[in-house]
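Quick look at query31.cif (mmCIF, C-alpha atoms):
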data_start
#
loop_
_atom_site.group_PDB
_atom_site.id
_atom_site.type_symbol
_atom_site.label_atom_id
_atom_site.label_comp_id
_atom_site.auth_asym_id
_atom_site.auth_seq_id
_atom_site.Cartn_x
_atom_site.Cartn_y
_atom_site.Cartn_z
ATOM 1 C CA MET A 855 26.092 12.712 -38.885
ATOM 2 C CA THR A 856 28.571 14.994 -37.207
ATOM 3 C CA ASP A 857 29.792 15.467 -33.637
ATOM 4 C CA SER A 858 29.368 19.274 -33.655
ATOM 5 C CA ILE A 859 26.041 20.762 -34.739
ATOM 6 C CA GLY A 860 25.423 24.498 -34.945
ATOM 7 C CA PHE A 861 22.173 26.342 -34.278
ATOM 8 C CA ILE A 862 21.481 30.032 -34.902
ATOM 9 C CA GLY A 863 18.427 31.871 -33.545
ATOM 10 C CA LEU A 864 17.091 31.239 -30.036
ATOM 11 C CA GLY A 865 13.677 32.891 -30.156
ATOM 12 C CA SER A 866 10.279 31.495 -29.187
ATOM 13 C CA MET A 867 10.823 28.528 -31.531
ATOM 14 C CA GLY A 868 14.604 28.167 -31.641
ATOM 15 C CA GLY A 869 15.154 28.378 -27.882
ATOM 16 C CA PRO A 870 12.935 25.415 -26.964
ATOM 17 C CA ILE A 871 14.198 23.417 -29.942
ATOM 18 C CA VAL A 872 17.808 23.894 -28.792
ATOM 19 C CA ALA A 873 16.906 22.804 -25.258
ATOM 20 C CA ARG A 874 15.566 19.520 -26.648
ATOM 21 C CA LEU A 875 18.510 19.116 -29.037
ATOM 22 C CA ALA A 876 20.949 19.623 -26.158
ATOM 23 C CA ALA A 877 19.247 16.856 -24.165
ATOM 24 C CA TRP A 878 19.414 14.557 -27.196
ATOM 25 C CA ALA A 879 23.055 15.475 -27.866
ATOM 26 C CA ARG A 880 24.137 14.491 -24.354
ATOM 27 C CA GLY A 881 22.933 10.949 -24.953
ATOM 28 C CA ALA A 882 24.274 10.802 -28.516
ATOM 29 C CA GLY A 883 27.813 11.997 -27.811
ATOM 30 C CA ARG A 884 27.346 15.214 -29.777
ATOM 31 C CA ARG A 885 27.661 18.933 -29.082
ATOM 32 C CA ILE A 886 25.187 21.695 -29.872
ATOM 33 C CA LEU A 887 26.918 25.019 -30.534
ATOM 34 C CA VAL A 888 24.581 28.021 -30.572
ATOM 35 C CA HIS A 889 24.532 31.705 -31.390
ATOM 36 C CA ASP A 890 22.014 34.502 -30.859
ATOM 37 C CA VAL A 891 22.403 38.272 -30.700
ATOM 38 C CA ARG A 892 20.728 38.282 -27.246
ATOM 39 C CA ALA A 893 22.915 37.423 -24.280
ATOM 40 C CA ASP A 894 19.944 36.239 -22.195
ATOM 41 C CA ALA A 895 18.926 33.739 -24.883
ATOM 42 C CA MET A 896 22.502 32.424 -25.010
ATOM 43 C CA ALA A 897 22.528 32.042 -21.233
ATOM 44 C CA GLN A 898 19.285 30.047 -21.309
ATOM 45 C CA ALA A 899 20.685 27.774 -24.014
ATOM 46 C CA ALA A 900 23.844 27.239 -21.974
ATOM 47 C CA ALA A 901 21.751 26.317 -18.936
ATOM 48 C CA ALA A 902 20.034 23.689 -21.102
ATOM 49 C CA GLY A 903 23.385 22.176 -22.066
ATOM 50 C CA ALA A 904 24.237 23.906 -25.363
ATOM 51 C CA GLU A 905 27.578 25.660 -25.941
ATOM 52 C CA PRO A 906 27.292 29.410 -26.698
ATOM 53 C CA VAL A 907 29.455 30.874 -29.460
ATOM 54 C CA ALA A 908 29.512 34.634 -29.010
ATOM 55 C CA SER A 909 31.599 35.479 -32.066
ATOM 56 C CA GLY A 910 28.816 34.795 -34.565
ATOM 57 C CA PRO A 911 27.573 32.582 -37.415
ATOM 58 C CA ARG A 912 30.959 32.578 -39.158
ATOM 59 C CA GLU A 913 32.540 30.585 -36.329
ATOM 60 C CA LEU A 914 29.706 28.073 -36.309
ATOM 61 C CA GLY A 915 30.218 27.502 -40.018
ATOM 62 C CA ALA A 916 33.951 27.162 -39.463
ATOM 63 C CA ARG A 917 33.482 24.491 -36.786
ATOM 64 C CA CYS A 918 30.256 22.616 -37.640
ATOM 65 C CA PRO A 919 29.551 20.521 -40.773
ATOM 66 C CA LEU A 920 25.816 20.895 -40.072
ATOM 67 C CA VAL A 921 24.199 24.197 -39.013
ATOM 68 C CA LEU A 922 20.508 24.986 -38.509
ATOM 69 C CA ALA A 923 18.940 28.442 -38.378
ATOM 70 C CA CYS A 924 15.580 29.609 -37.028
ATOM 71 C CA LEU A 925 15.277 33.344 -37.720
ATOM 72 C CA PRO A 926 12.499 35.954 -37.850
ATOM 73 C CA ALA A 927 12.865 37.670 -41.246
ATOM 74 C CA PRO A 928 14.207 37.069 -44.782
ATOM 75 C CA ALA A 929 16.866 39.809 -44.587
ATOM 76 C CA ILE A 930 18.252 38.346 -41.358
ATOM 77 C CA SER A 931 18.342 34.848 -42.850
ATOM 78 C CA GLU A 932 20.229 36.068 -45.908
ATOM 79 C CA ALA A 933 22.761 37.976 -43.803
ATOM 80 C CA VAL A 934 23.358 35.001 -41.504
ATOM 81 C CA ALA A 935 23.822 32.635 -44.449
ATOM 82 C CA LEU A 936 25.687 34.806 -46.939
ATOM 83 C CA GLY A 937 26.924 37.950 -45.186
ATOM 84 C CA GLU A 938 30.488 38.926 -44.295
ATOM 85 C CA ASP A 939 30.080 37.185 -40.924
ATOM 86 C CA GLY A 940 27.790 34.507 -42.345
ATOM 87 C CA VAL A 941 28.089 30.779 -41.830
ATOM 88 C CA ALA A 942 29.857 30.211 -45.152
ATOM 89 C CA ALA A 943 32.250 33.173 -44.882
ATOM 90 C CA ALA A 944 35.233 31.484 -43.221
ATOM 91 C CA PRO A 945 37.900 30.091 -45.586
ATOM 92 C CA GLY A 946 38.037 26.322 -45.322
ATOM 93 C CA ALA A 947 34.849 26.219 -43.275
ATOM 94 C CA ALA A 948 33.667 22.843 -42.004
ATOM 95 C CA LEU A 949 30.101 23.580 -43.109
ATOM 96 C CA ARG A 950 28.628 21.102 -45.612
ATOM 97 C CA SER A 951 24.859 21.352 -45.028
ATOM 98 C CA TYR A 952 22.816 24.340 -43.864
ATOM 99 C CA VAL A 953 19.225 23.871 -42.696
ATOM 100 C CA GLU A 954 16.926 26.905 -42.860
ATOM 101 C CA LEU A 955 14.011 26.320 -40.468
ATOM 102 C CA SER A 956 12.729 29.869 -40.924
ATOM 103 C CA THR A 957 9.689 31.046 -42.880
ATOM 104 C CA ILE A 958 11.192 33.499 -45.363
ATOM 105 C CA GLY A 959 9.510 32.840 -48.728
ATOM 106 C CA GLY A 960 10.683 31.105 -51.874
ATOM 107 C CA GLU A 961 12.637 33.973 -53.435
ATOM 108 C CA ALA A 962 14.883 34.484 -50.403
ATOM 109 C CA MET A 963 15.371 30.735 -50.038
ATOM 110 C CA ARG A 964 16.465 30.381 -53.653
ATOM 111 C CA ARG A 965 18.951 33.241 -53.260
ATOM 112 C CA ILE A 966 20.412 31.594 -50.170
ATOM 113 C CA ALA A 967 20.628 28.228 -51.948
ATOM 114 C CA ALA A 968 22.466 29.744 -54.904
ATOM 115 C CA GLY A 969 24.862 31.681 -52.684
ATOM 116 C CA LEU A 970 25.694 28.649 -50.570
ATOM 117 C CA ALA A 971 26.061 26.378 -53.602
ATOM 118 C CA SER A 972 28.727 28.714 -54.977
ATOM 119 C CA ARG A 973 30.691 28.016 -51.780
ATOM 120 C CA GLY A 974 30.160 24.252 -51.865
ATOM 121 C CA VAL A 975 27.420 24.127 -49.217
ATOM 122 C CA ASP A 976 24.065 22.331 -49.597
ATOM 123 C CA LEU A 977 20.862 23.970 -48.390
ATOM 124 C CA VAL A 978 17.871 22.201 -46.848
ATOM 125 C CA ASP A 979 14.753 24.372 -47.063
ATOM 126 C CA SER A 980 12.989 23.039 -43.963
ATOM 127 C CA PRO A 981 10.391 25.251 -42.263
ATOM 128 C CA ILE A 982 8.494 23.923 -39.261
ATOM 129 C CA SER A 983 4.908 24.160 -38.068
ATOM 130 C CA GLY A 984 3.383 23.702 -34.634
ATOM 131 C CA GLY A 985 4.062 26.974 -32.860
ATOM 132 C CA ALA A 986 5.940 27.699 -29.653
ATOM 133 C CA ILE A 987 4.116 24.953 -27.761
ATOM 134 C CA GLY A 988 5.094 22.431 -30.437
ATOM 135 C CA ALA A 989 8.696 23.621 -30.231
ATOM 136 C CA GLN A 990 8.688 22.912 -26.501
ATOM 137 C CA THR A 991 7.093 19.468 -26.795
ATOM 138 C CA GLY A 992 8.624 18.309 -30.083
ATOM 139 C CA VAL A 993 5.232 18.080 -31.766
ATOM 140 C CA LEU A 994 6.233 19.884 -34.952
ATOM 141 C CA ALA A 995 5.754 19.143 -38.633
ATOM 142 C CA VAL A 996 9.084 19.440 -40.465
ATOM 143 C CA MET A 997 8.917 20.190 -44.208
ATOM 144 C CA ALA A 998 12.251 19.406 -45.845
ATOM 145 C CA ALA A 999 13.381 20.088 -49.413
ATOM 146 C CA GLY A 1000 16.953 19.761 -50.592
ATOM 147 C CA PRO A 1001 19.609 17.515 -52.127
ATOM 148 C CA PRO A 1002 19.154 13.922 -50.920
ATOM 149 C CA GLN A 1003 22.592 13.794 -49.287
ATOM 150 C CA ALA A 1004 21.923 16.988 -47.338
ATOM 151 C CA VAL A 1005 18.481 15.834 -46.200
ATOM 152 C CA ALA A 1006 19.990 12.508 -45.118
ATOM 153 C CA MET A 1007 22.713 14.299 -43.150
ATOM 154 C CA ALA A 1008 20.190 16.523 -41.396
ATOM 155 C CA ARG A 1009 17.473 13.928 -40.836
ATOM 156 C CA PRO A 1010 18.590 12.600 -37.414
ATOM 157 C CA VAL A 1011 18.504 16.163 -36.086
ATOM 158 C CA LEU A 1012 15.244 17.015 -37.834
ATOM 159 C CA GLU A 1013 13.662 13.969 -36.189
ATOM 160 C CA VAL A 1014 14.484 15.568 -32.841
ATOM 161 C CA VAL A 1015 13.249 18.986 -33.955
ATOM 162 C CA GLY A 1016 9.806 17.567 -34.851
ATOM 163 C CA ASN A 1017 7.803 14.387 -34.583
ATOM 164 C CA ARG A 1018 7.027 14.158 -38.319
ATOM 165 C CA VAL A 1019 9.489 14.863 -41.130
ATOM 166 C CA PHE A 1020 8.080 15.289 -44.646
ATOM 167 C CA VAL A 1021 10.506 15.256 -47.599
ATOM 168 C CA LEU A 1022 8.957 17.412 -50.313
ATOM 169 C CA GLY A 1023 11.544 17.255 -53.096
ATOM 170 C CA GLU A 1024 14.909 18.754 -53.951
ATOM 171 C CA ALA A 1025 14.214 22.285 -55.187
ATOM 172 C CA PRO A 1026 14.741 25.182 -52.760
ATOM 173 C CA GLY A 1027 11.437 26.942 -52.189
ATOM 174 C CA LEU A 1028 9.291 23.811 -51.975
ATOM 175 C CA GLY A 1029 9.469 23.867 -48.198
ATOM 176 C CA GLN A 1030 8.507 27.534 -48.186
ATOM 177 C CA ALA A 1031 5.523 26.999 -50.484
ATOM 178 C CA MET A 1032 4.274 24.210 -48.224
ATOM 179 C CA LYS A 1033 4.755 26.240 -45.043
ATOM 180 C CA LEU A 1034 3.068 29.336 -46.478
ATOM 181 C CA ALA A 1035 0.092 27.269 -47.631
ATOM 182 C CA ASN A 1036 -0.193 25.856 -44.108
ATOM 183 C CA ASN A 1037 0.204 29.247 -42.454
ATOM 184 C CA LEU A 1038 -2.341 31.048 -44.573
ATOM 185 C CA LEU A 1039 -4.925 28.422 -43.584
ATOM 186 C CA SER A 1040 -3.990 28.759 -39.927
ATOM 187 C CA LEU A 1041 -3.856 32.561 -39.879
ATOM 188 C CA ALA A 1042 -6.943 33.096 -42.008
ATOM 189 C CA GLY A 1043 -8.663 30.598 -39.708
ATOM 190 C CA MET A 1044 -7.759 32.743 -36.699
ATOM 191 C CA VAL A 1045 -9.385 35.735 -38.360
ATOM 192 C CA LEU A 1046 -12.527 33.885 -39.396
ATOM 193 C CA THR A 1047 -12.841 32.262 -35.963
ATOM 194 C CA ALA A 1048 -12.835 35.721 -34.350
ATOM 195 C CA GLU A 1049 -15.508 36.788 -36.841
ATOM 196 C CA ALA A 1050 -17.695 33.724 -36.259
ATOM 197 C CA LEU A 1051 -17.436 33.886 -32.469
ATOM 198 C CA SER A 1052 -18.206 37.599 -32.584
ATOM 199 C CA LEU A 1053 -21.437 36.866 -34.436
ATOM 200 C CA GLY A 1054 -22.551 34.404 -31.773
ATOM 201 C CA ALA A 1055 -21.329 36.452 -28.802
ATOM 202 C CA LYS A 1056 -23.192 39.506 -30.062
ATOM 203 C CA ALA A 1057 -26.327 37.379 -30.329
ATOM 204 C CA GLY A 1058 -25.867 36.200 -26.739
ATOM 205 C CA LEU A 1059 -24.051 32.879 -27.070
ATOM 206 C CA ASP A 1060 -21.202 31.791 -24.776
ATOM 207 C CA PRO A 1061 -18.035 31.719 -26.970
ATOM 208 C CA ALA A 1062 -16.758 28.677 -25.059
ATOM 209 C CA LEU A 1063 -19.925 26.755 -25.792
ATOM 210 C CA MET A 1064 -19.685 27.885 -29.414
ATOM 211 C CA CYS A 1065 -16.212 26.323 -29.653
ATOM 212 C CA GLU A 1066 -17.522 23.061 -28.199
ATOM 213 C CA VAL A 1067 -20.313 22.927 -30.764
ATOM 214 C CA ILE A 1068 -18.040 23.881 -33.659
ATOM 215 C CA ASN A 1069 -15.462 21.267 -32.614
ATOM 216 C CA ALA A 1070 -18.189 18.625 -32.691
ATOM 217 C CA GLY A 1071 -19.210 19.700 -36.189
ATOM 218 C CA THR A 1072 -17.797 20.625 -39.564
ATOM 219 C CA GLY A 1073 -16.313 24.004 -38.605
ATOM 220 C CA ARG A 1074 -13.583 22.563 -36.387
ATOM 221 C CA ASN A 1075 -10.104 24.041 -36.959
ATOM 222 C CA SER A 1076 -6.917 24.650 -34.985
ATOM 223 C CA SER A 1077 -8.240 27.980 -33.695
ATOM 224 C CA THR A 1078 -11.489 26.598 -32.288
ATOM 225 C CA ASP A 1079 -9.761 23.423 -31.074
ATOM 226 C CA SER A 1080 -6.746 24.911 -29.273
ATOM 227 C CA LYS A 1081 -5.720 28.530 -29.867
ATOM 228 C CA TYR A 1082 -8.941 30.250 -28.823
ATOM 229 C CA PRO A 1083 -9.823 27.961 -25.869
ATOM 230 C CA ARG A 1084 -6.266 28.357 -24.533
ATOM 231 C CA ALA A 1085 -5.573 32.008 -25.172
ATOM 232 C CA VAL A 1086 -8.686 34.018 -26.098
ATOM 233 C CA LEU A 1087 -11.569 32.545 -24.101
ATOM 234 C CA THR A 1088 -9.326 32.719 -21.018
ATOM 235 C CA GLY A 1089 -8.091 36.242 -21.757
ATOM 236 C CA ARG A 1090 -4.459 35.066 -21.615
ATOM 237 C CA PHE A 1091 -3.490 35.906 -25.229
ATOM 238 C CA ASP A 1092 -0.354 33.782 -25.053
ATOM 239 C CA VAL A 1093 0.065 31.277 -27.889
ATOM 240 C CA GLY A 1094 3.625 32.543 -28.234
ATOM 241 C CA SER A 1095 3.874 34.173 -31.652
ATOM 242 C CA THR A 1096 3.450 37.828 -32.527
ATOM 243 C CA ASN A 1097 1.319 39.963 -34.800
ATOM 244 C CA ARG A 1098 4.466 40.987 -36.658
ATOM 245 C CA ILE A 1099 5.230 37.367 -37.519
ATOM 246 C CA ALA A 1100 1.616 36.720 -38.567
ATOM 247 C CA HIS A 1101 1.559 39.764 -40.848
ATOM 248 C CA LYS A 1102 4.988 38.853 -42.265
ATOM 249 C CA ASP A 1103 3.868 35.320 -43.084
ATOM 250 C CA MET A 1104 0.689 36.513 -44.805
ATOM 251 C CA ALA A 1105 2.677 39.030 -46.853
ATOM 252 C CA LEU A 1106 5.078 36.243 -47.875
ATOM 253 C CA ALA A 1107 2.121 34.089 -48.884
ATOM 254 C CA MET A 1108 0.816 36.877 -51.118
ATOM 255 C CA ALA A 1109 4.262 37.241 -52.688
ATOM 256 C CA GLU A 1110 4.339 33.506 -53.386
ATOM 257 C CA PHE A 1111 0.911 33.649 -55.022
ATOM 258 C CA ALA A 1112 2.141 36.515 -57.216
ATOM 259 C CA ALA A 1113 5.324 34.623 -58.136
ATOM 260 C CA GLN A 1114 3.246 31.599 -59.179
ATOM 261 C CA GLY A 1115 0.627 33.700 -60.996
ATOM 262 C CA VAL A 1116 -2.204 32.398 -58.800
ATOM 263 C CA PRO A 1117 -5.052 34.727 -57.741
ATOM 264 C CA ALA A 1118 -5.544 34.910 -53.955
ATOM 265 C CA PRO A 1119 -8.407 37.276 -53.080
ATOM 266 C CA LEU A 1120 -9.231 35.686 -49.709
ATOM 267 C CA THR A 1121 -5.590 35.564 -48.626
ATOM 268 C CA GLY A 1122 -5.360 39.258 -49.500
ATOM 269 C CA LEU A 1123 -8.336 40.090 -47.285
ATOM 270 C CA ALA A 1124 -6.915 38.093 -44.379
ATOM 271 C CA ARG A 1125 -3.548 39.810 -44.793
ATOM 272 C CA GLU A 1126 -5.268 43.194 -44.449
ATOM 273 C CA ILE A 1127 -6.851 42.087 -41.166
ATOM 274 C CA TRP A 1128 -3.404 41.139 -39.881
ATOM 275 C CA ALA A 1129 -2.034 44.517 -40.963
ATOM 276 C CA MET A 1130 -4.853 46.164 -39.005
ATOM 277 C CA THR A 1131 -4.192 43.943 -35.985
ATOM 278 C CA GLU A 1132 -0.476 44.757 -35.995
ATOM 279 C CA ALA A 1133 -1.245 48.478 -36.183
ATOM 280 C CA ALA A 1134 -3.965 48.402 -33.517
ATOM 281 C CA GLN A 1135 -2.598 45.857 -31.030
ATOM 282 C CA GLY A 1136 1.134 46.294 -31.592
ATOM 283 C CA PRO A 1137 3.655 44.229 -33.545
ATOM 284 C CA GLN A 1138 4.988 42.391 -30.487
ATOM 285 C CA SER A 1139 1.572 41.530 -29.031
ATOM 286 C CA ASP A 1140 0.496 37.899 -29.198
ATOM 287 C CA MET A 1141 -1.169 36.985 -32.492
ATOM 288 C CA THR A 1142 -4.345 35.946 -30.665
ATOM 289 C CA THR A 1143 -4.986 39.655 -30.061
ATOM 290 C CA VAL A 1144 -6.577 39.580 -33.515
ATOM 291 C CA ALA A 1145 -9.669 38.717 -31.451
ATOM 292 C CA ARG A 1146 -9.376 42.082 -29.672
ATOM 293 C CA LEU A 1147 -9.872 43.789 -33.021
ATOM 294 C CA TYR A 1148 -13.293 42.185 -33.308
ATOM 295 C CA GLU A 1149 -14.075 42.843 -29.653
ATOM 296 C CA GLY A 1150 -13.495 46.521 -30.337
ATOM 297 C CA TRP A 1151 -15.835 46.445 -33.311
ATOM 298 C CA THR A 1152 -18.650 44.586 -31.538
ATOM 299 C CA GLY A 1153 -18.206 45.795 -27.963
ATOM 300 C CA VAL A 1154 -18.545 42.174 -26.789
ATOM 301 C CA PRO A 1155 -15.615 40.234 -25.238
ATOM 302 C CA LEU A 1156 -14.853 36.765 -26.586
ATOM 303 C CA ARG A 1157 -14.497 35.146 -23.145
ATOM 304 C CA ALA A 1158 -15.880 31.994 -21.666
ATOM 305 C CA ARG A 1159 -18.754 32.744 -19.329
ATOM 306 C CA GLY A 1160 -17.227 33.288 -15.905
ATOM 307 C CA ALA A 1161 -13.698 33.923 -17.244
ATOM 308 C CA GLY A 1162 -11.914 37.096 -16.121
#

Before we go any further, please render this structure as structure tokens.
Amino acid sequence: MTDSIGFIGLGSMGGPIVARLAAWARGAGRRILVHDVRADAMAQAAAAGAEPVASGPRELGARCPLVLACLPAPAISEAVALGEDGVAAAPGAALRSYVELSTIGGEAMRRIAAGLASRGVDLVDSPISGGAIGAQTGVLAVMAAGPPQAVAMARPVLEVVGNRVFVLGEAPGLGQAMKLANNLLSLAGMVLTAEALSLGAKAGLDPALMCEVINAGTGRNSSTDSKYPRAVLTGRFDVGSTNRIAHKDMALAMAEFAAQGVPAPLTGLAREIWAMTEAAQGPQSDMTTVARLYEGWTGVPLRARGAG
């Protein structure tokens, strides 16, 4: 382990993770150095006990043997890792292991791994699952793939990031394949849950009662168990991730299927629903607004009886 740990990306996942890492670091005699392009996110991280680095990823790589990143898109991840101001750009940088927590697809991850390897840096392909609430509570699944020495170096930090760490192998891209498989089940489940509840609501059933029945039977899934009761049946629409991210992840899943030569007709249909949701509800709207798409088609709200 190292005394100085870097973290790049303080969004809906990265911000809460850094707050928990900063609390852990205080008791472990370590420092968490952070960077984000948004000054308000840096201020929040500083209030939690992290140390902001305004100059960028390059300085984090220069100062920290271990750096983690949690970023929203493949192009951003590649620029942060390999760009002119990237973590490995400084001559004689301290950086030895770089942990990519982002969901960016196998092709981008392999390019980053190759670029870092040419500069003597190991990559851990380590996406996370559990959403913004899991990031706040530490209830995240961590999917790590990379050289054994790099995984071992990162593991104490990853065990703070999430409550379960799964080591999937050494090849870059294995973490991405696992995360995309998980996400397509979750996101397609959100679509199909909206469709199923719309059927019952149109027939006159209470969507909240429908979720209770489904959760007692074979149809139970993360949407009926938590996402819809929390955010759709209440009308809050606030699970903490956006339609843009959902559509991006489904598009990455389709690209992975194509790269592996595996047909994916149902994933393709679900991706189209997310494209429609992003267009109709807005890219920055909460992903649970996929339910609003169905409400518009049926004219029936998916709310618990008595909810506003």

**OP:** Excluding range 897-914 of chain A and residues on its chain fewer than 6 positions from it, collect all residues at most 12 Å away from it, counting all atoms listed in the file, and give them as a PyMOL selection string.
**Re:** chain A and resi 858-865+868-881+884-891+920-923+930-950+952

Closest atom pairs, residues of range 998-1055 of chain A within 9 Å of range 1112-1123 of chain A, all atoms listed in the file, as CSV:
residue,atom,partner,partner_atom,distance
A:Leu1038,CA,A:Thr1121,CA,6.9
A:Leu1039,CA,A:Thr1121,CA,8.8
A:Ala1042,CA,A:Thr1121,CA,7.2

Subject >> Shell around Ala1031 in chain A at 9 Å using only C-alpha atoms, local window under 3 positions removed, as a PyMOL selection string >> reply: chain A and resi 959-960+1027-1028+1034-1036+1107+1110

Written selection (C-alpha atoms) as a JSON list (two decimals), in the frame of the given file:
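Result file out.json:
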[["chain", "number", "residue", "atom", "x", "y", "z"],
["A", 959, "GLY", "CA", 9.51, 32.84, -48.73],
["A", 960, "GLY", "CA", 10.68, 31.10, -51.87],
["A", 1027, "GLY", "CA", 11.44, 26.94, -52.19],
["A", 1028, "LEU", "CA", 9.29, 23.81, -51.98],
["A", 1034, "LEU", "CA", 3.07, 29.34, -46.48],
["A", 1035, "ALA", "CA", 0.09, 27.27, -47.63],
["A", 1036, "ASN", "CA", -0.19, 25.86, -44.11],
["A", 1107, "ALA", "CA", 2.12, 34.09, -48.88],
["A", 1110, "GLU", "CA", 4.34, 33.51, -53.39]]

Range 929-1048 of chain A near range 1127-1139 of chain A within 10 Å: what's each residue's closest atom pair and its distance in Å to one decimal, counting all atoms listed in the file, ordered by chain then ascending residue number, as a tab-separated table?
residue	atom	partner	partner_atom	distance
A:Leu1041	CA	A:Trp1128	CA	8.6
A:Ala1042	CA	A:Ile1127	CA	9.0
A:Met1044	CA	A:Trp1128	CA	10.0
A:Val1045	CA	A:Ile1127	CA	7.4

Original post:
For Met1007 in chain A, which residue among A:Met1032, A:Leu1059, A:Ala989, A:Ser951 is the nearest when counting only C-alpha atoms?
Top reply: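 So, comparing all the options, the nearest one is A:Ser951.
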
Original post:
Which is closer to Val1021 in chain A than all the others in A:Glu1049, A:Glu961, A:Asp1060, A:Asp979, using only C-alpha atoms?
Top reply: A:Asp979

**OP:** Mind giving me the straight-line distance from CA of Pro1010 in chain A to CA of Asp857 in chain A in Å, one decimal?
**Re:** 12.2 Å

Subject >> Close residues, Ile1068 in chain A itself excluded, 12 Å, all atoms listed in the file, min 3 positions apart in chain, as an MDAnalysis selection string >> reply: chainID A and resid 1047 1050:1051 1054 1061:1065 1071:1079

**OP:** Please identify all polymer residues within 8 Å of range 992-996 of chain A, counting all atoms listed in the file, omitting same-chain residues fewer than 5 positions from it, and present them as a PyMOL selection string.
**Re:** chain A and resi 871+874+980-985+1012+1014-1020

**OP:** Find, counting only C-alpha atoms, the residue in A:Glu1066, A:Asp976, A:Asp1092, A:Glu1013 that gets nearest to Ala1025 in chain A.
**Re:** A:Asp976

Taking the file above as input, evaluate the PyMOL selection byres ((chain A and resi 1000) around 8) and report the hits as a tab-separated table (two decimals) with C-alpha atoms, in the frame of the given file.
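Final output, result_25.tsv:
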chain	number	residue	atom	x	y	z
A	976	ASP	CA	24.06	22.33	-49.60
A	977	LEU	CA	20.86	23.97	-48.39
A	978	VAL	CA	17.87	22.20	-46.85
A	979	ASP	CA	14.75	24.37	-47.06
A	998	ALA	CA	12.25	19.41	-45.84
A	999	ALA	CA	13.38	20.09	-49.41
A	1001	PRO	CA	19.61	17.52	-52.13
A	1002	PRO	CA	19.15	13.92	-50.92
A	1004	ALA	CA	21.92	16.99	-47.34
A	1005	VAL	CA	18.48	15.83	-46.20
A	1023	GLY	CA	11.54	17.26	-53.10
A	1024	GLU	CA	14.91	18.75	-53.95
A	1025	ALA	CA	14.21	22.28	-55.19
A	1026	PRO	CA	14.74	25.18	-52.76

Subject >> Minimum-distance residue to Cys924 in chain A, chosen among A:Ala895, A:Ser866, A:Ser1080, A:Ala968 (using all atoms listed in the file) >> reply: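 Result for the nearest residue to Cys924 in chain A: A:Ser866.
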
Original post:
Nearest to Glu1126 in chain A among A:Arg1157, A:Arg1146, A:Arg965, A:His1101, with distances taken over all atoms listed in the file: which residue is it?
Top reply: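 Once distances to Glu1126 in chain A are computed over all atoms listed in the file, the minimum belongs to A:His1101.
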